[in-house]
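Text of target16.txt (compact mmCIF, C-alpha atoms) as supplied:
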# COMPACT_ATOMS: atom_id res chain seq x y z
CA MET Q 54 -8.40 -25.80 21.40
CA LYS Q 55 -8.96 -29.44 22.30
CA ALA Q 56 -12.60 -29.02 21.35
CA ALA Q 57 -11.58 -27.61 17.97
CA PHE Q 58 -9.24 -30.55 17.37
CA ALA Q 59 -12.03 -32.99 18.23
CA LEU Q 60 -14.38 -31.27 15.79
CA ILE Q 61 -11.82 -31.53 12.99
CA VAL Q 62 -11.17 -35.22 13.66
CA LEU Q 63 -14.92 -35.88 13.70
CA GLY Q 64 -15.31 -34.03 10.41
CA LEU Q 65 -12.55 -36.05 8.78
CA PHE Q 66 -14.17 -39.32 9.89
CA VAL Q 67 -17.50 -38.17 8.44
CA TRP Q 68 -15.77 -37.23 5.19
CA PHE Q 69 -13.88 -40.54 4.96
CA GLY Q 70 -16.96 -42.66 5.61
CA ALA Q 71 -19.14 -40.70 3.22
CA THR Q 72 -16.48 -40.83 0.51
CA LEU Q 73 -16.37 -44.62 0.74
CA ALA Q 74 -20.15 -44.80 0.53
CA HIS Q 75 -20.11 -42.54 -2.49
CA ALA Q 76 -17.50 -44.67 -4.22
CA ASP Q 77 -19.80 -47.70 -3.98
CA SER Q 78 -22.88 -45.91 -5.34
CA PRO Q 79 -22.05 -43.30 -7.96
CA ILE Q 80 -24.94 -41.09 -9.05
CA ALA Q 81 -25.68 -40.14 -12.66
CA ARG Q 82 -27.85 -37.04 -12.62
CA ASP Q 83 -27.18 -34.96 -15.74
CA LEU Q 84 -29.44 -34.65 -18.76
CA PRO Q 85 -27.80 -35.72 -22.05
CA PRO Q 86 -25.71 -33.10 -23.90
CA GLY Q 87 -27.42 -31.05 -26.58
CA LEU Q 88 -30.76 -29.33 -27.08
CA GLN Q 89 -33.97 -31.33 -26.74
CA ILE Q 90 -37.23 -29.96 -28.13
CA PRO Q 91 -40.31 -31.96 -27.10
CA GLU Q 92 -43.00 -32.26 -29.77
CA ALA Q 93 -45.48 -30.43 -27.53
CA THR Q 94 -43.35 -27.28 -27.81
CA ARG Q 95 -43.50 -27.10 -31.61
CA SER Q 96 -45.17 -24.02 -33.08
CA GLY Q 97 -48.74 -24.25 -34.29
CA PRO Q 98 -52.26 -22.87 -33.85
CA ASN Q 99 -52.91 -25.28 -30.97
CA PHE Q 100 -49.78 -24.43 -29.00
CA ASP Q 101 -50.56 -24.84 -25.30
CA VAL Q 102 -48.25 -23.23 -22.75
CA ASP Q 103 -49.08 -25.61 -19.90
CA ARG Q 104 -48.73 -28.70 -22.08
CA ALA Q 105 -45.42 -27.46 -23.45
CA THR Q 106 -44.18 -26.72 -19.95
CA GLU Q 107 -45.12 -30.19 -18.73
CA ALA Q 108 -43.34 -31.73 -21.73
CA TYR Q 109 -40.11 -30.06 -20.67
CA LEU Q 110 -40.57 -31.05 -17.03
CA ASN Q 111 -40.98 -34.66 -18.15
CA LEU Q 112 -37.44 -34.64 -19.54
CA LEU Q 113 -36.44 -35.41 -15.96
CA SER Q 114 -36.97 -39.03 -15.03
CA PRO Q 115 -38.81 -39.72 -11.76
CA GLU Q 116 -35.47 -40.79 -10.26
CA GLN Q 117 -33.73 -37.59 -11.35
CA ARG Q 118 -36.58 -35.47 -10.02
CA GLN Q 119 -36.56 -37.28 -6.67
CA LEU Q 120 -32.80 -36.86 -6.43
CA SER Q 121 -33.10 -33.15 -7.17
CA ASP Q 122 -35.85 -32.71 -4.58
CA ASN Q 123 -33.84 -34.59 -1.96
CA TYR Q 124 -30.75 -32.46 -2.55
CA PHE Q 125 -32.56 -29.14 -2.52
CA GLU Q 126 -34.87 -29.90 0.40
CA GLY Q 127 -31.88 -31.19 2.33
CA GLY Q 128 -30.42 -27.74 1.80
CA TYR Q 129 -33.18 -26.31 3.98
CA TRP Q 130 -31.82 -28.33 6.91
CA ILE Q 131 -28.27 -27.39 5.94
CA GLN Q 132 -29.24 -23.74 6.39
CA LEU Q 133 -30.73 -24.44 9.81
CA TRP Q 134 -27.91 -26.60 11.13
CA GLY Q 135 -25.27 -24.30 9.62
CA PHE Q 136 -26.87 -21.45 11.56
CA VAL Q 137 -26.85 -23.52 14.77
CA TYR Q 138 -23.25 -24.63 14.17
CA GLY Q 139 -22.18 -21.01 13.71
CA LEU Q 140 -23.82 -20.04 16.99
CA GLY Q 141 -21.99 -22.93 18.64
CA VAL Q 142 -18.65 -21.68 17.31
CA ALA Q 143 -19.40 -18.18 18.59
CA ALA Q 144 -20.34 -19.59 22.01
CA LEU Q 145 -17.10 -21.58 22.14
CA LEU Q 146 -15.07 -18.48 21.30
CA LEU Q 147 -16.82 -16.44 24.00
CA TRP Q 148 -17.45 -18.86 26.87
CA GLY Q 149 -14.24 -20.79 26.19
CA GLY Q 150 -12.24 -17.59 26.60
CA ILE Q 151 -10.62 -17.98 23.17
CA SER Q 152 -11.73 -14.58 21.90
CA ARG Q 153 -10.45 -12.89 25.04
CA ARG Q 154 -7.04 -14.56 24.62
CA LEU Q 155 -6.84 -13.44 20.98
CA ARG Q 156 -7.43 -9.87 22.10
CA GLY Q 157 -4.69 -10.29 24.70
CA ILE Q 158 -2.25 -11.40 22.00
CA GLY Q 159 -3.11 -8.34 19.94
CA ARG Q 160 -2.57 -5.97 22.83
CA TRP Q 161 0.67 -7.72 23.78
CA VAL Q 162 1.97 -6.93 20.29
CA SER Q 163 0.77 -3.32 20.33
CA PRO Q 164 -1.41 -1.10 22.54
CA ARG Q 165 -2.57 0.90 19.51
CA PRO Q 166 -6.25 0.11 18.72
CA LEU Q 167 -5.81 -0.09 14.95
CA LEU Q 168 -2.93 -2.55 15.19
CA TYR Q 169 -4.29 -4.79 17.95
CA THR Q 170 -7.68 -4.87 16.19
CA TRP Q 171 -5.95 -5.98 12.99
CA ILE Q 172 -4.02 -8.72 14.84
CA TYR Q 173 -7.19 -9.87 16.62
CA ALA Q 174 -9.13 -9.94 13.33
CA LEU Q 175 -6.41 -11.93 11.58
CA LEU Q 176 -6.30 -14.49 14.40
CA PHE Q 177 -10.11 -14.60 14.48
CA VAL Q 178 -10.25 -15.46 10.76
CA LEU Q 179 -7.75 -18.29 11.26
CA VAL Q 180 -9.44 -19.72 14.36
CA PHE Q 181 -12.92 -19.47 12.83
CA PHE Q 182 -11.67 -21.31 9.74
CA VAL Q 183 -10.37 -24.15 11.90
CA LEU Q 184 -13.53 -24.40 14.00
CA ASN Q 185 -15.80 -24.25 10.95
CA LEU Q 186 -13.75 -26.76 8.96
CA PRO Q 187 -15.71 -29.92 9.90
CA TRP Q 188 -18.96 -28.32 8.79
CA ALA Q 189 -17.38 -27.01 5.58
CA ILE Q 190 -15.98 -30.46 4.80
CA TYR Q 191 -19.43 -32.01 5.07
CA THR Q 192 -21.47 -29.35 3.26
CA ASP Q 193 -19.02 -28.31 0.55
CA PHE Q 194 -17.18 -31.57 -0.12
CA VAL Q 195 -18.89 -34.68 1.24
CA ARG Q 196 -22.45 -33.76 0.37
CA GLU Q 197 -21.57 -32.39 -3.07
CA HIS Q 198 -19.85 -35.69 -3.90
CA GLN Q 199 -22.75 -37.71 -2.54
CA TYR Q 200 -25.05 -36.02 -5.04
CA GLY Q 201 -22.63 -36.18 -7.97
CA LEU Q 202 -22.09 -32.43 -8.17
CA ALA Q 203 -18.40 -32.24 -7.25
CA THR Q 204 -15.35 -33.47 -9.19
CA GLN Q 205 -12.42 -32.46 -6.97
CA ASN Q 206 -10.53 -34.82 -4.70
CA PHE Q 207 -10.07 -33.74 -1.11
CA GLY Q 208 -6.61 -32.29 -1.72
CA GLY Q 209 -7.90 -30.02 -4.48
CA TRP Q 210 -10.90 -28.94 -2.41
CA PHE Q 211 -8.78 -28.21 0.65
CA GLY Q 212 -6.29 -26.27 -1.48
CA ASP Q 213 -9.12 -24.02 -2.69
CA ALA Q 214 -10.33 -23.65 0.90
CA LEU Q 215 -6.86 -22.47 1.93
CA LYS Q 216 -6.83 -19.96 -0.93
CA GLY Q 217 -10.16 -18.65 0.31
CA LEU Q 218 -8.66 -18.41 3.80
CA VAL Q 219 -5.77 -16.29 2.48
CA VAL Q 220 -8.20 -13.93 0.74
CA SER Q 221 -10.31 -13.67 3.90
CA ALA Q 222 -7.19 -13.06 6.02
CA ILE Q 223 -6.30 -10.12 3.79
CA VAL Q 224 -9.73 -8.56 3.31
CA LEU Q 225 -11.74 -9.18 6.48
CA PRO Q 226 -9.23 -7.62 8.93
CA LEU Q 227 -9.28 -4.43 6.83
CA VAL Q 228 -13.08 -4.36 6.98
CA LEU Q 229 -13.08 -4.97 10.72
CA ILE Q 230 -10.45 -2.28 11.35
CA ALA Q 231 -12.72 0.20 9.57
CA VAL Q 232 -15.84 -0.96 11.43
CA TYR Q 233 -14.19 -0.84 14.86
CA ALA Q 234 -12.76 2.59 14.09
CA ALA Q 235 -16.35 3.67 13.38
CA VAL Q 236 -17.47 2.11 16.67
CA ARG Q 237 -14.84 4.08 18.60
CA ARG Q 238 -15.52 7.39 16.85
CA ALA Q 239 -19.29 7.33 16.23
CA GLY Q 240 -20.39 5.72 19.50
CA ALA Q 241 -24.03 4.64 19.45
CA ARG Q 242 -24.33 5.61 15.76
CA TRP Q 243 -21.62 3.20 14.69
CA TRP Q 244 -24.15 1.05 12.83
CA ILE Q 245 -24.80 3.86 10.32
CA TRP Q 246 -21.12 4.24 9.58
CA ALA Q 247 -20.63 0.48 9.41
CA SER Q 248 -23.34 0.26 6.73
CA GLY Q 249 -21.53 2.82 4.60
CA ILE Q 250 -18.26 0.94 5.06
CA GLY Q 251 -19.96 -2.28 3.97
CA PHE Q 252 -21.29 -0.61 0.83
CA VAL Q 253 -17.87 0.77 -0.16
CA PHE Q 254 -16.11 -2.55 0.41
CA ALA Q 255 -18.79 -4.35 -1.62
CA LEU Q 256 -18.18 -2.03 -4.57
CA PHE Q 257 -14.44 -2.63 -4.35
CA ALA Q 258 -15.05 -6.38 -4.18
CA MET Q 259 -17.18 -6.24 -7.34
CA MET Q 260 -14.41 -4.36 -9.13
CA LEU Q 261 -11.42 -6.34 -7.93
CA ALA Q 262 -12.70 -9.92 -7.62
CA PRO Q 263 -12.65 -10.75 -11.37
CA VAL Q 264 -9.07 -9.48 -11.65
CA PHE Q 265 -7.41 -10.65 -8.43
CA VAL Q 266 -9.57 -13.27 -6.68
CA GLU Q 267 -11.37 -15.51 -9.18
CA PRO Q 268 -8.17 -16.37 -11.13
CA LEU Q 269 -6.80 -17.89 -7.91
CA PHE Q 270 -9.35 -20.70 -8.20
CA ASN Q 271 -9.69 -21.22 -11.96
CA ASP Q 272 -7.77 -20.65 -15.16
CA TYR Q 273 -9.32 -17.95 -17.34
CA LYS Q 274 -8.46 -17.73 -21.02
CA PRO Q 275 -9.98 -16.09 -24.11
CA LEU Q 276 -13.13 -17.83 -25.31
CA ARG Q 277 -12.28 -20.41 -27.96
CA GLU Q 278 -12.80 -19.46 -31.60
CA GLY Q 279 -15.95 -20.66 -33.33
CA ALA Q 280 -19.69 -20.20 -33.55
CA VAL Q 281 -20.13 -19.80 -29.80
CA ARG Q 282 -17.63 -16.96 -29.60
CA GLU Q 283 -19.22 -15.14 -32.53
CA ALA Q 284 -22.70 -15.54 -31.03
CA VAL Q 285 -21.57 -14.30 -27.61
CA LEU Q 286 -19.74 -11.29 -29.06
CA SER Q 287 -22.72 -10.42 -31.23
CA LEU Q 288 -25.09 -10.64 -28.25
CA ALA Q 289 -22.76 -8.48 -26.16
CA ARG Q 290 -22.35 -5.84 -28.87
CA ALA Q 291 -26.12 -5.70 -29.44
CA ASN Q 292 -26.63 -4.93 -25.76
CA GLN Q 293 -23.72 -2.46 -25.45
CA ILE Q 294 -21.66 -4.70 -23.18
CA PRO Q 295 -17.85 -4.41 -23.38
CA THR Q 296 -16.34 -7.27 -25.40
CA ASP Q 297 -12.67 -6.76 -24.52
CA HIS Q 298 -12.77 -9.57 -21.96
CA VAL Q 299 -14.83 -12.58 -23.10
CA VAL Q 300 -13.35 -15.65 -21.45
CA GLU Q 301 -13.93 -19.26 -20.48
CA PHE Q 302 -12.80 -20.97 -17.26
CA ASP Q 303 -12.21 -24.55 -16.14
CA ALA Q 304 -14.99 -25.08 -13.59
CA SER Q 305 -15.17 -28.78 -14.52
CA LYS Q 306 -12.20 -29.45 -12.24
CA GLN Q 307 -14.47 -28.57 -9.31
CA THR Q 308 -18.10 -29.14 -10.29
CA THR Q 309 -20.49 -30.62 -12.83
CA ARG Q 310 -22.70 -27.50 -12.81
CA ILE Q 311 -23.11 -25.19 -15.80
CA SER Q 312 -22.74 -21.46 -15.30
CA ALA Q 313 -21.77 -18.14 -16.83
CA ASN Q 314 -21.53 -14.58 -15.55
CA VAL Q 315 -20.94 -10.99 -16.48
CA ALA Q 316 -18.80 -9.74 -13.60
CA GLY Q 317 -16.87 -6.62 -12.73
CA PHE Q 318 -17.42 -2.94 -12.23
CA ALA Q 319 -15.90 0.34 -13.41
CA GLY Q 320 -13.70 -0.98 -16.19
CA THR Q 321 -13.19 -4.57 -15.02
CA THR Q 322 -16.31 -6.01 -16.70
CA ARG Q 323 -15.77 -9.54 -17.99
CA VAL Q 324 -18.07 -12.04 -19.74
CA ALA Q 325 -17.17 -15.55 -18.54
CA LEU Q 326 -18.53 -18.99 -19.48
CA ASN Q 327 -17.55 -22.16 -17.68
CA ASP Q 328 -16.35 -25.16 -19.66
CA ASN Q 329 -19.29 -27.30 -18.54
CA LEU Q 330 -21.64 -24.90 -20.29
CA LEU Q 331 -19.51 -25.02 -23.43
CA ASN Q 332 -19.07 -28.79 -23.45
CA LYS Q 333 -22.46 -30.05 -22.29
CA THR Q 334 -24.97 -27.74 -23.93
CA SER Q 335 -26.02 -26.41 -27.31
CA LEU Q 336 -25.59 -23.00 -28.92
CA PRO Q 337 -29.24 -21.98 -28.20
CA GLU Q 338 -28.72 -22.85 -24.51
CA ILE Q 339 -25.47 -20.88 -24.33
CA LYS Q 340 -27.08 -17.85 -25.95
CA ALA Q 341 -30.03 -18.07 -23.56
CA VAL Q 342 -27.79 -18.30 -20.49
CA LEU Q 343 -25.60 -15.41 -21.68
CA GLY Q 344 -28.69 -13.35 -22.47
CA HIS Q 345 -29.77 -13.78 -18.87
CA GLU Q 346 -26.33 -12.88 -17.50
CA MET Q 347 -26.08 -9.85 -19.75
CA GLY Q 348 -29.46 -8.79 -18.42
CA HIS Q 349 -27.87 -8.41 -15.00
CA TYR Q 350 -25.29 -6.06 -16.53
CA VAL Q 351 -27.69 -3.97 -18.62
CA LEU Q 352 -30.21 -3.68 -15.78
CA ASN Q 353 -27.38 -2.65 -13.43
CA HIS Q 354 -28.17 -5.40 -10.96
CA GLY Q 355 -24.67 -5.36 -9.50
CA LEU Q 356 -25.04 -1.83 -8.15
CA ARG Q 357 -28.77 -2.14 -7.46
CA GLY Q 358 -28.30 -5.40 -5.59
CA THR Q 359 -25.48 -3.91 -3.53
CA ILE Q 360 -27.72 -0.98 -2.58
CA TYR Q 361 -30.65 -3.24 -1.66
CA ILE Q 362 -28.52 -5.60 0.42
CA THR Q 363 -26.77 -2.65 2.09
CA LEU Q 364 -30.19 -1.38 3.20
CA VAL Q 365 -30.91 -4.79 4.70
CA LEU Q 366 -27.43 -4.79 6.25
CA THR Q 367 -28.18 -1.40 7.82
CA PHE Q 368 -31.13 -2.92 9.68
CA GLY Q 369 -28.88 -5.84 10.59
CA PHE Q 370 -26.26 -3.54 12.08
CA TRP Q 371 -28.95 -1.63 14.00
CA PHE Q 372 -30.29 -4.96 15.30
CA THR Q 373 -26.74 -5.91 16.31
CA TYR Q 374 -26.18 -2.57 18.03
CA ARG Q 375 -29.32 -2.92 20.14
CA LEU Q 376 -28.84 -6.56 21.12
CA SER Q 377 -25.08 -6.44 21.60
CA ASP Q 378 -25.29 -3.49 24.02
CA TRP Q 379 -27.95 -5.39 25.99
CA ALA Q 380 -25.90 -8.61 25.96
CA LEU Q 381 -22.72 -6.80 27.01
CA ALA Q 382 -24.52 -5.20 29.93
CA ARG Q 383 -25.85 -8.60 31.01
CA TRP Q 384 -22.89 -10.95 30.35
CA GLY Q 385 -19.96 -8.75 29.37
CA GLN Q 386 -18.21 -8.78 32.74
CA ARG Q 387 -18.62 -12.56 33.10
CA LEU Q 388 -17.08 -13.10 29.63
CA GLY Q 389 -14.27 -10.62 30.18
CA LEU Q 390 -15.58 -8.22 27.51
CA GLU Q 391 -15.14 -4.49 27.98
CA ASP Q 392 -17.51 -2.57 25.71
CA ARG Q 393 -18.79 -2.43 22.14
CA ALA Q 394 -15.35 -1.28 20.89
CA ASP Q 395 -13.64 -4.35 22.34
CA PRO Q 396 -12.70 -6.67 19.43
CA ALA Q 397 -13.04 -9.66 21.77
CA ALA Q 398 -16.82 -9.07 21.54
CA LEU Q 399 -16.74 -9.82 17.79
CA PRO Q 400 -18.14 -13.39 18.15
CA LEU Q 401 -21.11 -11.89 20.00
CA ALA Q 402 -21.72 -9.43 17.16
CA VAL Q 403 -21.31 -12.20 14.56
CA ALA Q 404 -23.83 -14.39 16.40
CA ILE Q 405 -26.38 -11.56 16.61
CA ILE Q 406 -26.09 -10.50 12.97
CA SER Q 407 -26.31 -14.15 11.91
CA ILE Q 408 -29.61 -14.39 13.82
CA PHE Q 409 -30.83 -11.32 11.95
CA PHE Q 410 -29.92 -12.68 8.52
CA PHE Q 411 -31.36 -16.09 9.34
CA LEU Q 412 -34.68 -14.41 10.11
CA ALA Q 413 -34.31 -12.18 7.04
CA THR Q 414 -33.70 -15.11 4.68
CA PRO Q 415 -37.08 -14.73 2.87
CA LEU Q 416 -36.44 -11.00 2.34
CA VAL Q 417 -32.89 -11.43 1.00
CA ASN Q 418 -33.95 -14.33 -1.23
CA SER Q 419 -36.91 -12.37 -2.57
CA ILE Q 420 -34.71 -9.39 -3.46
CA THR Q 421 -32.34 -11.63 -5.39
CA ARG Q 422 -35.12 -13.70 -6.97
CA GLN Q 423 -36.81 -10.57 -8.31
CA MET Q 424 -33.62 -9.44 -10.04
CA GLU Q 425 -33.12 -12.94 -11.43
CA ALA Q 426 -36.66 -12.87 -12.85
CA GLU Q 427 -35.92 -9.52 -14.50
CA ALA Q 428 -32.76 -10.99 -16.04
CA ASP Q 429 -34.79 -13.98 -17.28
CA ALA Q 430 -37.21 -11.68 -19.12
CA PHE Q 431 -34.35 -9.63 -20.55
CA GLY Q 432 -32.51 -12.75 -21.69
CA LEU Q 433 -35.51 -14.16 -23.50
CA ASN Q 434 -35.95 -10.94 -25.45
CA ALA Q 435 -32.23 -10.48 -26.10
CA ALA Q 436 -31.26 -14.04 -27.09
CA ARG Q 437 -34.66 -15.07 -28.48
CA GLU Q 438 -33.97 -18.69 -27.55
CA PRO Q 439 -36.97 -19.91 -25.50
CA ASN Q 440 -36.16 -23.57 -26.04
CA GLY Q 441 -32.54 -22.94 -25.14
CA PHE Q 442 -33.58 -21.20 -21.93
CA ALA Q 443 -36.09 -23.92 -21.05
CA MET Q 444 -33.46 -26.60 -21.61
CA ALA Q 445 -30.90 -24.73 -19.49
CA ALA Q 446 -33.53 -24.40 -16.74
CA MET Q 447 -34.07 -28.16 -16.88
CA ARG Q 448 -30.33 -28.78 -16.49
CA LEU Q 449 -30.32 -26.56 -13.40
CA SER Q 450 -33.33 -28.46 -12.12
CA THR Q 451 -31.26 -31.62 -11.77
CA TYR Q 452 -30.18 -30.14 -8.43
CA ARG Q 453 -32.84 -27.48 -7.77
CA LYS Q 454 -36.33 -28.62 -6.82
CA ILE Q 455 -38.29 -27.84 -9.96
CA HIS Q 456 -41.80 -27.10 -8.68
CA PRO Q 457 -41.94 -25.79 -5.08
CA GLY Q 458 -44.97 -24.51 -3.24
CA ALA Q 459 -45.57 -20.75 -3.14
CA LEU Q 460 -44.37 -20.25 0.45
CA GLU Q 461 -41.45 -22.62 -0.10
CA GLU Q 462 -40.28 -20.51 -3.04
CA ILE Q 463 -40.56 -17.25 -1.10
CA VAL Q 464 -38.54 -18.56 1.83
CA PHE Q 465 -35.87 -20.70 0.20
CA TYR Q 466 -35.42 -19.72 -3.46
CA ASP Q 467 -33.01 -17.00 -4.55
CA HIS Q 468 -33.81 -17.78 -8.22
CA PRO Q 469 -37.14 -18.45 -9.92
CA SER Q 470 -38.02 -22.13 -9.83
CA GLY Q 471 -37.37 -24.34 -12.83
CA TYR Q 472 -41.11 -24.54 -13.42
CA ASP Q 473 -41.48 -20.75 -13.51
CA ARG Q 474 -38.55 -20.43 -15.91
CA VAL Q 475 -39.79 -23.09 -18.31
CA HIS Q 476 -43.34 -21.73 -18.14
CA GLY Q 477 -42.07 -18.20 -18.83
CA SER Q 478 -40.09 -19.49 -21.82
CA MET Q 479 -43.17 -21.19 -23.23
CA LEU Q 480 -45.26 -18.03 -22.71
CA TRP Q 481 -42.67 -16.12 -24.73
CA LEU Q 482 -42.67 -18.81 -27.41
CA LYS Q 483 -46.45 -18.71 -27.75
CA GLU Q 484 -46.22 -15.02 -28.64
CA ASN Q 485 -43.23 -15.57 -30.96
CA GLN Q 486 -44.04 -18.77 -32.83
CA ASN Q 487 -41.89 -17.81 -35.80
CA ASN Q 488 -38.83 -18.45 -33.61
CA PRO Q 489 -36.19 -20.07 -35.87
CA THR Q 490 -34.87 -22.55 -33.29
CA ALA Q 491 -38.32 -23.77 -32.32
CA SER Q 492 -39.30 -24.09 -35.99
CA ALA Q 493 -36.08 -25.71 -37.22
CA PRO Q 494 -36.11 -29.39 -38.24
CA LEU Q 495 -34.02 -30.43 -35.24
CA PRO Q 496 -34.11 -33.92 -33.73
CA ALA Q 497 -36.91 -33.75 -31.20
CA ALA Q 498 -37.36 -35.55 -27.93
CA ALA Q 499 -39.96 -38.25 -27.80
CA ALA Q 500 -43.52 -36.95 -28.08
CA GLN Q 501 -45.00 -36.01 -24.74
Re-express the file's structure as structure tokens.
Amino acid sequence: MKAAFALIVLGLFVWFGATLAHADSPIARDLPPGLQIPEATRSGPNFDVDRATEAYLNLLSPEQRQLSDNYFEGGYWIQLWGFVYGLGVAALLLWGGISRRLRGIGRWVSPRPLLYTWIYALLFVLVFFVLNLPWAIYTDFVREHQYGLATQNFGGWFGDALKGLVVSAIVLPLVLIAVYAAVRRAGARWWIWASGIGFVFALFAMMLAPVFVEPLFNDYKPLREGAVREAVLSLARANQIPTDHVVEFDASKQTTRISANVAGFAGTTRVALNDNLLNKTSLPEIKAVLGHEMGHYVLNHGLRGTIYITLVLTFGFWFTYRLSDWALARWGQRLGLEDRADPAALPLAVAIISIFFFLATPLVNSITRQMEAEADAFGLNAAREPNGFAMAAMRLSTYRKIHPGALEEIVFYDHPSGYDRVHGSMLWLKENQNNPTASAPLPAAAAQ
């Protein structure tokens, strides 16, 4: 555990130094509040999609665009080093004998497999949290502050991290008990059973998270009265989405990002808008964002996405089964591991499945990006706010690289790029030039 303590101390020094640097050089990155409509996007016989798209892209200053590119491209390295860090934690747990000692504690409490597996899993969650803490401090707190995307102080951030730990300590041991029971009963076919278990738990998570988990981190209350509420309710009713739970939540205490979602499953569906979206944007933008989110609901992306990812997870479990059996035969005795049903071998399984998902990143991102593109198209047709959607895409592009290369988008993007979203909005507008927002005498941005 001395190594773990050293990692934590190192992480705190990194956080402290970076926080001081941030305090001396604050970053202003957001676009101004309200809808901007460049002159090149106005309706007319000479409307040009590419010119209109470029006019929106030029709302970002060169400095804002460079800042966005730096943040997003830095995320590519974050993925790589996070993967390497995770492998290092797994190696420490295995070769340092920590995992074996956790199993020993579990068996000292009870010889029954279900109970000692639960105790091991609970201790594993706690130890992994401690070992991963330095990396989490840098990626989720320090770096977000450096780029002006976070608003919490360290105490607030760490409090949320502890809440997440409590949730993980309740849920993950239950999942692992079920998976290890499948390993003991199904033998070499455990990976098939584990995939089914993953699917069932994912459905329960979709249903229960809006009710029991998300309120732990933010305050949810009925959406404030006014034009926004009426527009959101009207859009929901028009698309046959339940309107019993339309809420707003205080994300501004944590982040500067705008967001909304339609979450839940089997009676727990809830339409939620964060306060940044309500306070920083215009009604056309809000309608466009909600149209997109409602598209996920109407197109059943929650269930479809769970099915698609479960299929990928099935291959991941098969990959883990093949490599873990080989690794146990080669190093198991040296590491004090017994067989595939030994919970002490969990770090080995975690390392192997993390390798699989690292290699499968383009596939997983492409699955998600395709559903996001479908929701974009639905939202444009439902909300009929192309300028609102283009403006919202530009706000997101203050921290997402706006115009990646084709291969870059396939590998790293789980949403369509800002360029694709603005271009799609302008394509829609060209075919619907009687759009009331685009034709209204609103204050326009400077001619492009």
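Here the question is which of Q:Thr421, Q:Thr359, Q:Asn327, Q:Asn440 gets nearest to Pro489 in chain Q using all atoms listed in the file, and that residue is Q:Asn440.
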Q: With a distance cut-off of 8 Å and all atoms listed in the file, select the neighbouring residues of range 298-306 of chain Q, excluding the residue or stretch itself and same-chain residues fewer than 6 positions from it, and output the selection as a VMD selection string.
A: chain Q and resid 204 to 205 271 to 277 286 322 to 329
Could you please take those selected residues and save C-alpha atoms as a PDB file, in the coordinates of the input?
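Result file part.pdb:
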ATOM      1  CA  THR Q 204     -15.350 -33.470  -9.190  1.00  0.00           C
ATOM      2  CA  GLN Q 205     -12.420 -32.460  -6.970  1.00  0.00           C
ATOM      3  CA  ASN Q 271      -9.690 -21.220 -11.960  1.00  0.00           C
ATOM      4  CA  ASP Q 272      -7.770 -20.650 -15.160  1.00  0.00           C
ATOM      5  CA  TYR Q 273      -9.320 -17.950 -17.340  1.00  0.00           C
ATOM      6  CA  LYS Q 274      -8.460 -17.730 -21.020  1.00  0.00           C
ATOM      7  CA  PRO Q 275      -9.980 -16.090 -24.110  1.00  0.00           C
ATOM      8  CA  LEU Q 276     -13.130 -17.830 -25.310  1.00  0.00           C
ATOM      9  CA  ARG Q 277     -12.280 -20.410 -27.960  1.00  0.00           C
ATOM     10  CA  LEU Q 286     -19.740 -11.290 -29.060  1.00  0.00           C
ATOM     11  CA  THR Q 322     -16.310  -6.010 -16.700  1.00  0.00           C
ATOM     12  CA  ARG Q 323     -15.770  -9.540 -17.990  1.00  0.00           C
ATOM     13  CA  VAL Q 324     -18.070 -12.040 -19.740  1.00  0.00           C
ATOM     14  CA  ALA Q 325     -17.170 -15.550 -18.540  1.00  0.00           C
ATOM     15  CA  LEU Q 326     -18.530 -18.990 -19.480  1.00  0.00           C
ATOM     16  CA  ASN Q 327     -17.550 -22.160 -17.680  1.00  0.00           C
ATOM     17  CA  ASP Q 328     -16.350 -25.160 -19.660  1.00  0.00           C
ATOM     18  CA  ASN Q 329     -19.290 -27.300 -18.540  1.00  0.00           C
TER      19      ASN Q 329
END
(Q) Please compute the CA of Phe431 in chain Q-CA of His354 in chain Q distance, one decimal, in Å. (A)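 Between these atoms lies a distance of 12.2 Å.
As for CA of Val403 in chain Q and CA of Leu176 in chain Q, they are spaced 15.2 Å apart.
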Q: Measuring atom to atom with all atoms listed in the file, identify which of Q:Gln386, Q:Ala413, Q:Met444, Q:Leu482 is nearest to Trp148 in chain Q.
A: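 Of all the options, Q:Gln386 lies closest to Trp148 in chain Q.
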Q) Which protein, DNA or RNA residues are at most 12 Å from (-32.0, -3.4, 8.4) in the file's coordinates when you count only C-alpha atoms, listed as a list in words? A) Trp244, Ile245, Ser248, Tyr361, Ile362, Thr363, Leu364, Val365, Leu366, Thr367, Phe368, Gly369, Phe370, Trp371, Phe372, Thr373, Tyr374, Ile406, Phe409, Phe410, Leu412, Ala413, Leu416 and Val417 of chain Q
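CA of Val180 in chain Q is positioned 9.1 Å from CA of Ile151 in chain Q.
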Q) Can you tell me, as a ChimeraX atom specification, what residues are no more than 12 Å from Arg290 in chain Q when counting only C-alpha atoms, ignoring any on the same chain fewer than 3 positions away? A) /Q:283-287,293-297,299,324,344,347,351,435
Q.
I'd like the contact shell of Ile230 in chain Q - 10 Å cut-off, all atoms listed in the file, skipping same-chain residues fewer than 5 positions apart - returned as a count of residues only.
A. 13
(Q) Taking 3 positions as the minimum chain separation for residues in the same chain, which residues sit within 12 Å of Pro457 in chain Q when counting all atoms listed in the file? Answer as a ChimeraX atom specification. (A) /Q:121-122,125-126,450,453-454,460-466,468-473
Q.
Neighbouring residues of Ala491 in chain Q were defined as those with any atom within 12 Å, considering only C-alpha atoms; residues of the same chain fewer than 2 positions away were excluded. Please report them as a ChimeraX atom specification.
A. /Q:88-97,100,105,337,437-443,478-479,481-483,485-489,493-497
